[in-house]
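Report on the structure given below.
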There are 2 protein chains.
Amino acid sequence: MLSLSAGAFGQSRQEYIQYVNPLIGTQKMGHTYPGATVPFGSVQLSPDTDEQPHNIGGKYNPEAYRYCAGYQYDDREIVGFSHTHFTGTGHSDLGDFLVMPTVGELQMEPGDKGDPRSGFRSTFSHSTEVAEPDYYKVLLEDDTILAEMTATTRVGMHRYTFPASDNAHIILDLMHGVYNYSDKNVWTFARVENDHTVVGYRQTNGWARTRTVYFAIEFSKPFTSYGFKNFGKEDYKGFWRKFDQTKNFPEMAGKQIRAHFDFKTAANEKIEVKFALSPVSTSGAMKNLETEMPHCDFDRVKREGQAAWNRELGKVAITTNNRGDLVNFYTAMYHAFISPTVYMDTDGQYKGLDQNTHTAAGFINYTTFSLWDTYRALHPLFNIIQPARNRDMVRSMVAHYDQSVHGMLPVWSHYANENWCMIGFHSVSVLADAVVNSKLTGVEANKALDAAVQTARTKYYDGLEYYMQLGYVPEDKNSSSVSKTLEYAYDDWAIAQMAKKLGRTAIHSEFIRRSQNWRSVYDNSSGFMRPKDSSGKFLAKFDPLKTEGQGFIEGNSWNYSLYVPHEPAAMIDLMGGKDKFAAHLDQLFTMHLPDTFFAETEDVTREGIIGGYVHGNEPSHQVAYLYNWTNEPWKTQERVRMILNQQYHPSPDGLGGNDDCGQMSAWYIFSALGFYPVAPASGQYQLGSPSVKSAVLHFENGKALSIEAKNQSPTNVYVRKVEVNGKVLARTYLTYSEISGGGKIVFYMSDKPNK
Amino acid sequence: MLSLSAGAFGQSRQEYIQYVNPLIGTQKMGHTYPGATVPFGSVQLSPDTDEQPHNIGGKYNPEAYRYCAGYQYDDREIVGFSHTHFTGTGHSDLGDFLVMPTVGELQMEPGDKGDPRSGFRSTFSHSTEVAEPDYYKVLLEDDTILAEMTATTRVGMHRYTFPASDNAHIILDLMHGVYNYSDKNVWTFARVENDHTVVGYRQTNGWARTRTVYFAIEFSKPFTSYGFKNFGKEDYKGFWRKFDQTKNFPEMAGKQIRAHFDFKTAANEKIEVKFALSPVSTSGAMKNLETEMPHCDFDRVKREGQAAWNRELGKVAITTNNRGDLVNFYTAMYHAFISPTVYMDTDGQYKGLDQNTHTAAGFINYTTFSLWDTYRALHPLFNIIQPARNRDMVRSMVAHYDQSVHGMLPVWSHYANENWCMIGFHSVSVLADAVVNSKLTGVEANKALDAAVQTARTKYYDGLEYYMQLGYVPEDKNSSSVSKTLEYAYDDWAIAQMAKKLGRTAIHSEFIRRSQNWRSVYDNSSGFMRPKDSSGKFLAKFDPLKTEGQGFIEGNSWNYSLYVPHEPAAMIDLMGGKDKFAAHLDQLFTMHLPDTFFAETEDVTREGIIGGYVHGNEPSHQVAYLYNWTNEPWKTQERVRMILNQQYHPSPDGLGGNDDCGQMSAWYIFSALGFYPVAPASGQYQLGSPSVKSAVLHFENGKALSIEAKNQSPTNVYVRKVEVNGKVLARTYLTYSEISGGGKIVFYMSDKPNK
């Protein structure tokens with residue numbers, strides 16, 4: 001560990017990337033990946049340390065979950081480097097186009113874990129591993145090949161330093177994937193255009209039901225020969241039997257194929273591989289390659305990629321008490337700025353939800369909307385420090401709506417597909433946050449509201465018809481009914497806020513009325529949110545500690561009952577008033593959860609728990625801030641600092657749960673700066689306790705917000721007072737305009753609560 | 001049979017379609033289909049009478065061959081109406097998007113042959129069947145539904161007259177296909193856009209390895225409900241389990257799915273279904289639908305389609321001795337003008353061989369090039385009476401070359417795929433015919449020559465490297481070696497003709513030299529073409545009557561030895577001179593083939609045989625005309641008339657073999673008019689014996705050629721003399737300019753040979 005010198009750690013020469021450790025979250029269940037990517041890049045070029053199929057023989061393989069991002073820190077082998085990865089998800093897909101260099105006898109299978117000689121996989125060690133923003137390096141020990149990666153938005157670049165060999169190979173594995181299974185590859189296709197150019201695609205049926213990714217590869221050195229092997233069992237090949245397709249035949253296709261490209265190498269000879277992706281076509285991939293990487297200068301790509309990262313990371317310049325907090329903060333910033341990812345060619349073409357090719361007119365099209373997670377803090381963070389991108393993300397969502405046969409905004413969407421993961425329709429919250437804070441206006445804002453309204457009225461969607469009829473989702477008709485009721489109510493409120501801002505009163509009335517539905521599932525007798533059946537009776541069997549069959553998803557009633565972000569005060573009233581509620585929260589943070597909880601609650605591990613409070617998953621992310629509505633707001637300050645300390649560490653096992661496309665990181669960033677959007681689209685950011693000593697937020701409007709935490713220290717976690725531009729703040733929240741308008745906010749820290 | 005009235009049969013009111021019987025060739029092995037299509041139309045909407053998979057359990061199913069066009073006249077049931085069919089092929093694919101109307105209990109499987117109640121298939125009878133150009137009608141007896149079909153180029157239209165029913169259905173079967181097998185469907189997808197519009201696609205791995213066809217459907221009446229069933233076994237569906245996808249859920253996808261759309265119908269209520277195809281996208285299909293069929297007037301579509309047929313058929317106006325010959329002739333014209341088919345959207349977009357979307361700039365893009373067949377007579381026919389289309393077909397082939405990673409022109413290509421069927425690279429002959437006769441000039445002609453040369457130099461293609469090294473294909477290295485050697489030699493000569501015309505002497509020299517290679521495989525000891533091994537020795541085991549393992553494909557040495565179309569005189573010299581050769585031909589036409597011949601020779605049936613001469617398949621199509629190079633040209637006249645009489649009949653079993661995309665029909669048309677292109681690109685058309693009484697060929701250049709056969713009768717098969725524009729012709733052939741320049745050709749017929 002680092003020995004700290006006196007004084008604050010800050011940034012010299014604006015080299016923010018030095019504080020980013022992409023390995024954070026790669027151990028245990030952070031589900032991050034360590035490889036190379038630029039901010040919001042389409043390519044995530046990263047090592048995969050194992051291939052665990054999502055299911056085996058039709059049954060779910062629990063090992064798969066650990067490999068949502070392809071890489072597990074405890075593994076000792078790398079199977080290769082693939083080009084697409086989600087960051088932090090709790091379900092998965094992607095892992096397209098695994099590339100692996102080898103020398104010696106050609107091996108066309110990855111081999112068995114623990115036995116690297118059994119296939120093209122190789123032993124590696126963390127001692128030779130370097131992971132930086134847009135740069136990854138590792139020594140592949142089996143064949144002593146140094147592997148380096150960097151990327152532009154749409155093009156990955158590999159640099160392999162080979163030993164001398166007459167028999168060097170670069171494997172292109174089109175079968176490999178994350179969350180693969182026997183039938184996932186629908187079709188793959190490759191064309192060898194010439195002795196250094198290969199194009200093709202992979203089409204899969206996975207989390208995304210109908211997904212195709214196209215590629216174009218350029219090798220820096222011509223290959224001397226090539227071939228492929230079909231591991232599938234297509235039983236009819238037309239007249240292709242006319243040729244020996246397996247060797248030097250420039251067209252390859254099948255459901256399960258791997259190709260190899262062969263080279264003779266001198267000692268320490270470097271071969272670069274430029275690998276472009278496209279959502280549209282191989283010609284699109286080729287165009288992306290030519291546009292973004294006309295040269296073959298690895299160091300330039302790395303330098304420009306890291307400069308891009310420095311620009312993005314520098315949007316928030318902080319000082320802290322120790323280097324660990326800097327690493328936590330800038331790694332959180334890094335993880336927050338990876339996803340959603342750009343999803344269009346350099347000319348604006350992209351594949352739409354309708355599987356047709358569209359052109360993004362006047363915006364950048366993004367994909368990978370993990371909205372159940374990211375509407376909470378990630379998009380609100382973007383709305384402050386990445387408003388232009390966030391607006392384009394909103395436009396991407398509205399384009400999705402335009403292309404949706406359901407007439408719905410995305411729920412959880414990636415790569416021209418709706419995967420319907422999780423619950424709610426939280427895109428409306430992202431839209432509302434943008435509209436309410438005037439980041440989306442006029443025709444566009446009204447179109448966004450129309451999309452939100454139509455989405456919220458889609459009767460056949462996940463219990464919505466019952467919700468609209470009965471005021472709640474009945475558990476006997478649709479499971480996880482309380483979670484759905486609570487989240488729909490919040491989403492409805494978000495729509496109402498948009499309608500209010502746009503003066504559309506009928507919509508405002510309709511959705512404000514709907515937003516009250518959370519009250520339907522509050523059970524006064526137990527003091528918890530509790531599932532009802534369709535006759536209006538609460539379910540008799542009820543245990544607020546349990547998850548399974550209790551009306552909740554990825555959480556229990558203890559955590560989920562606190563989800564009324566738009567009306568905490570009313571919720572607290574209903575739950576017995578401020579003091580009773582504060583005591584209730586205390587109990588949550590100090591209770592012990594039964595062992596069964598972990599067995600039956602998806603996406604939650606022991607690392608993500610503080611008492612009964614689950615930080616490692618999203619449903620409770622606002623909970624620590626709820627003390628602000630009681631008589632003990634100082635407990636928010638205490639809890640927030642505790643969570644920042646206990647749940648985030650500058651080490652590979654540093655994340656207490658899935659990063660969920662940056663939501664966990666966004667929580668860190670907001671909380672470290674001293675405020676948090678409990679109800680996005682409210683325009684209010686609840687004050688907590690900053691962990692930074694100071695921060696400057698540089699906004700796109702040219703303004704800057706300076707935050708200072710006077711008397712900051714690890715023990716001075718309480719806020720004595722807050723001044724905004726010199727005036728003492730008499731409330732527990734900041735407004736959007738107070739933040740984005742720039743100026744200065746001073747927190748006066750103390751080791752004693754301001755009771 | 002029809003009783004003939006005195007005098008010639010001709011055309012009143014130019015209603016040529018009255019002489020077309022699309023049922024000709026649907027019985028036995030003609031492999032034609034009876035359904036609705038416009039000239040060269042992208043849609044071939046036709047009944048399929050059975051579903052015979054290409055293979056069962058990995059083994060070839062010999063029954064499949066009968067269903068190359070989906071329909072067999074002897075069947076008594078229709079399984080439905082699908083939208084794409086090859087005409088006359090001896091291998092197959094397509095059969096996309098089967099539609100079938102039913103009433104009563106929903107049946108989602110086609111059921112078993114002979115048991116129509118077991119599925120949605122229905123009994124039908126030829127007594128209710130009407131097949132006309134662009135119109136097909138039949139009564140589906142099981143449910144008493146009258147089915148009618150018509151089409152524009154890209155849109156099929158169904159009209160179903162239902163009985164009264166609360167439970168009427170229209171099945172959309174995305175699993176169905178011609179030459180299907182378990183793994184052929186790679187993916188299918190459908191979206192219900194609204195209560196009367198459905199779009200989607202089918203992607204297959206068959207004869208075309210990677211083929212996708214997109215569709216857009218509009219029903220004239222909204223359906224009341226819909227659903228689908230997945231017959232596949234994809235074992236993971238992402239989060240789609242959230243919904244009951246099978247009922248009224250507007251997205252459907254899977255490898256094996258069928259959908260149903262439900263209606264309530266009044267007695268005799270008609271429901272029209274407009275069904276558009278696109279090679280590019282569902283939005284392309286929608287656009288094609290809106291552009292070509294903005295209305296819902298079935299009778300108008302039929303009227304316009306039939307008018308288009310009348311225009312095309314009227315390009316050759318004939319009179320004959322009897323109505324049967326008129327039917328034979330115009331049905332041959334009909335079959336000749338079906339394929340190749342238009343392969344692009346109304347805006348010119350199409351999918352290229354590289355699987356990218358291209359735009360046809362200044363030409364119509366065509367697909368389905370059955371070139372081993374059609375270079376012989378079909379394209380030469382087009383070059384005379386469809387030169388604009390033929391030029392666009394050449395442009396389509398050159399575009400294929402541009403998109404080919406092999407740098408090759410099409411061999412046998414369809415739907416953005418090269419299927420590599422059969423041998424040779426006969427596209428060069430089509431190009432040469434167009435260049436030599438000045439239908440392609442300047443830069444385009446030179447580009448075509450470049451493409452031809454590069455194709456002919458593709459060493460790894462099917463023995464070409466050996467051919468280029470040794471002067472022949474050695475049987476021990478590459479089978480069917482004699483067929484390949486002979487056909488390469490002809491193709492080489494065709495390239496040389498192009499080069500000569502364009503003044504590119506080096507190329508001319510190279511390919512004229514190569515065109516002599518046919519001599520390498522002539523075995524003087526046996527008097528036959530005979531396979532050699534790579535050491536230059538003729539194979540010891542040799543039987544000129546046999547096919548299997550004898551160095552030939554779809555033919556024996558008796559037939560194939562006569563294939564030197566570019567140098568018949570030299571071949572005849574080598575084979576012993578004119579008289580010996582004439583006797584040899586006599587023997588061919590009168591010999592008996594052993595029974596084993598049929599067992600071992602693909603694509604040849606007893607119906608297609610005259611003695612040992614095989615007319616039902618292509619390799620001998622020039623043979624009857626070879627007497628012109630002997631002292632007995634009158635035997636050409638006799639044989640041609642015999643073949644016209646014996647091999648073509650105005651009845652469903654009227655074709656003696658696969659029509660092969662119109663090649664068999666083109667042979668008929670040429671021969672009935674009195675001449676035939678033995679060597680396309682020679683500019684020479686060998687005279688035979690016309691069977692018409694008169695003919696007028698209307699050319700695109702505004703000129704017309706009048707042909708008259710004086711004293712024509714079934715017995716006056718000999719030609720006493722021929723006059724071209726009043727001058728007696730002193731040779732046995734016409735030239736391209738004599739034909740296309742217009743004027744008058746008079747054949748003086750006689751019942752005695754002009755020895």
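Chains: A, B, ... in order of the structure tokens. Residues: from 1 per chain. Ligands: from 1, in order shown.
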Practice item. Select all residues from chain A having any atom no more than 6 Å from an atom of chain B (counting only C-alpha atoms, ignoring ligands), output as a ChimeraX atom specification. Key: /A:58,193,206-207,235,238-239,405,419-421
Near A:Ala360, counting only C-alpha atoms, which residues have an atom at most 9 Å away, once you skip same-chain residues fewer than 6 positions from it, shown as a PDB file with all heavy atoms, in the first residue's frame?
```pdb
ATOM      1  N   MET A 344     -23.485   3.529 -33.590  1.00  0.00           N
ATOM      2  CA  MET A 344     -23.715   3.945 -34.972  1.00  0.00           C
ATOM      3  C   MET A 344     -22.359   4.045 -35.667  1.00  0.00           C
ATOM      4  O   MET A 344     -21.324   4.208 -35.020  1.00  0.00           O
ATOM      5  CB  MET A 344     -24.448   5.291 -35.043  1.00  0.00           C
ATOM      6  CG  MET A 344     -23.659   6.463 -34.493  1.00  0.00           C
ATOM      7  SD  MET A 344     -24.595   8.007 -34.684  1.00  0.00           S
ATOM      8  CE  MET A 344     -23.250   9.184 -34.814  1.00  0.00           C
ATOM      9  N   ASP A 347     -20.756   7.454 -40.081  1.00  0.00           N
ATOM     10  CA  ASP A 347     -21.665   8.239 -40.915  1.00  0.00           C
ATOM     11  C   ASP A 347     -23.069   8.334 -40.327  1.00  0.00           C
ATOM     12  O   ASP A 347     -23.980   8.820 -40.996  1.00  0.00           O
ATOM     13  CB  ASP A 347     -21.718   7.678 -42.341  1.00  0.00           C
ATOM     14  CG  ASP A 347     -22.294   6.278 -42.402  1.00  0.00           C
ATOM     15  OD1 ASP A 347     -22.668   5.726 -41.325  1.00  0.00           O
ATOM     16  OD2 ASP A 347     -22.379   5.717 -43.504  1.00  0.00           O
ATOM     17  N   GLY A 348     -23.247   7.844 -39.113  1.00  0.00           N
ATOM     18  CA  GLY A 348     -24.546   7.981 -38.461  1.00  0.00           C
ATOM     19  C   GLY A 348     -25.491   6.817 -38.652  1.00  0.00           C
ATOM     20  O   GLY A 348     -26.577   6.787 -38.063  1.00  0.00           O
ATOM     21  N   GLN A 349     -25.102   5.841 -39.455  1.00  0.00           N
ATOM     22  CA  GLN A 349     -26.004   4.710 -39.678  1.00  0.00           C
ATOM     23  C   GLN A 349     -25.972   3.746 -38.489  1.00  0.00           C
ATOM     24  O   GLN A 349     -24.917   3.457 -37.940  1.00  0.00           O
ATOM     25  CB  GLN A 349     -25.617   3.955 -40.945  1.00  0.00           C
ATOM     26  CG  GLN A 349     -25.969   4.705 -42.210  1.00  0.00           C
ATOM     27  CD  GLN A 349     -25.940   3.795 -43.428  1.00  0.00           C
ATOM     28  OE1 GLN A 349     -26.826   2.993 -43.672  1.00  0.00           O
ATOM     29  NE2 GLN A 349     -24.876   3.903 -44.192  1.00  0.00           N
ATOM     30  N   TYR A 350     -27.129   3.255 -38.147  1.00  0.00           N
ATOM     31  CA  TYR A 350     -27.213   2.258 -37.076  1.00  0.00           C
ATOM     32  C   TYR A 350     -28.398   1.339 -37.332  1.00  0.00           C
ATOM     33  O   TYR A 350     -29.285   1.652 -38.125  1.00  0.00           O
ATOM     34  CB  TYR A 350     -27.339   2.924 -35.704  1.00  0.00           C
ATOM     35  CG  TYR A 350     -28.654   3.640 -35.457  1.00  0.00           C
ATOM     36  CD1 TYR A 350     -29.677   3.022 -34.746  1.00  0.00           C
ATOM     37  CD2 TYR A 350     -28.864   4.930 -35.929  1.00  0.00           C
ATOM     38  CE1 TYR A 350     -30.891   3.681 -34.511  1.00  0.00           C
ATOM     39  CE2 TYR A 350     -30.066   5.584 -35.706  1.00  0.00           C
ATOM     40  CZ  TYR A 350     -31.077   4.959 -34.997  1.00  0.00           C
ATOM     41  OH  TYR A 350     -32.268   5.599 -34.771  1.00  0.00           O
ATOM     42  N   SER A 396     -31.818   8.838 -28.374  1.00  0.00           N
ATOM     43  CA  SER A 396     -31.686   7.428 -28.752  1.00  0.00           C
ATOM     44  C   SER A 396     -32.864   6.617 -28.219  1.00  0.00           C
ATOM     45  O   SER A 396     -33.366   5.714 -28.883  1.00  0.00           O
ATOM     46  CB  SER A 396     -30.375   6.850 -28.199  1.00  0.00           C
ATOM     47  OG  SER A 396     -29.265   7.615 -28.628  1.00  0.00           O
ATOM     48  N   ALA A 399     -35.842   7.432 -30.314  1.00  0.00           N
ATOM     49  CA  ALA A 399     -35.729   6.704 -31.591  1.00  0.00           C
ATOM     50  C   ALA A 399     -36.143   5.241 -31.396  1.00  0.00           C
ATOM     51  O   ALA A 399     -36.841   4.659 -32.226  1.00  0.00           O
ATOM     52  CB  ALA A 399     -34.302   6.788 -32.126  1.00  0.00           C
TER      53      ALA A 399
END
```
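Take atom CA of A:Lys721 and atom CA of A:Gln386: the distance between them is 28.8 Å.
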Point to revise | Residue list (strand (DSSP E), DSSP) for stretch 5-185 of chain A, as an MDAnalysis selection string | key: chainID A and resid 46:48 55:56 59:60 77:78 80:82 98:103 122:123 130:132 135:140 145:151 155:162 165:173 185
**Study point:** Residues within 10 Å of B:Asp297, only C-alpha atoms, excluding chain neighbours under 6 positions, as a list in words
**Key:** Met157, Arg159, Glu272 and Arg303 of chain B
Practice item. Quick one: everything within 8 Å of stretch 744-750 of chain B, counting only C-alpha atoms, minus sequence neighbours fewer than 6 positions away in the same chain. Send it as a list of chain:residue names. Key: B:Pro690, B:Leu705, B:Ser706, B:Ile707, B:Glu708, B:Ala709, B:Lys710, B:Asn711, B:Gln712, B:Thr715, B:Asn716, B:Val717, B:Tyr718, B:Val719, B:Arg720, B:Lys721, B:Val722, B:Glu723, B:Val724, B:Asn725, B:Gly726
Exercise for review: Taking the chain letters and numbering used in this document, name the residues of stretch 307-494 of chain A that DSSP puts in alpha helix (DSSP H), as a PyMOL selection string.
Suggested key: chain A and resi 307-313+323-336+371-374+378-385+387-403+427-436+442-456+464-470+481-494
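Straight-line separation from atom CA of B:Val398 to atom CA of B:Ala445: 10.3 Å.
Atom to atom, atom CA of B:His260 and atom CA of B:Asp74 stand 28.7 Å apart.
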Point to revise | Surrounding residues of A:Asp75 excluding itself and chain neighbours under 4 positions, 10 Å, only C-alpha atoms, as a PyMOL selection string | key: chain A and resi 27+48-50+71+113-114+123-126
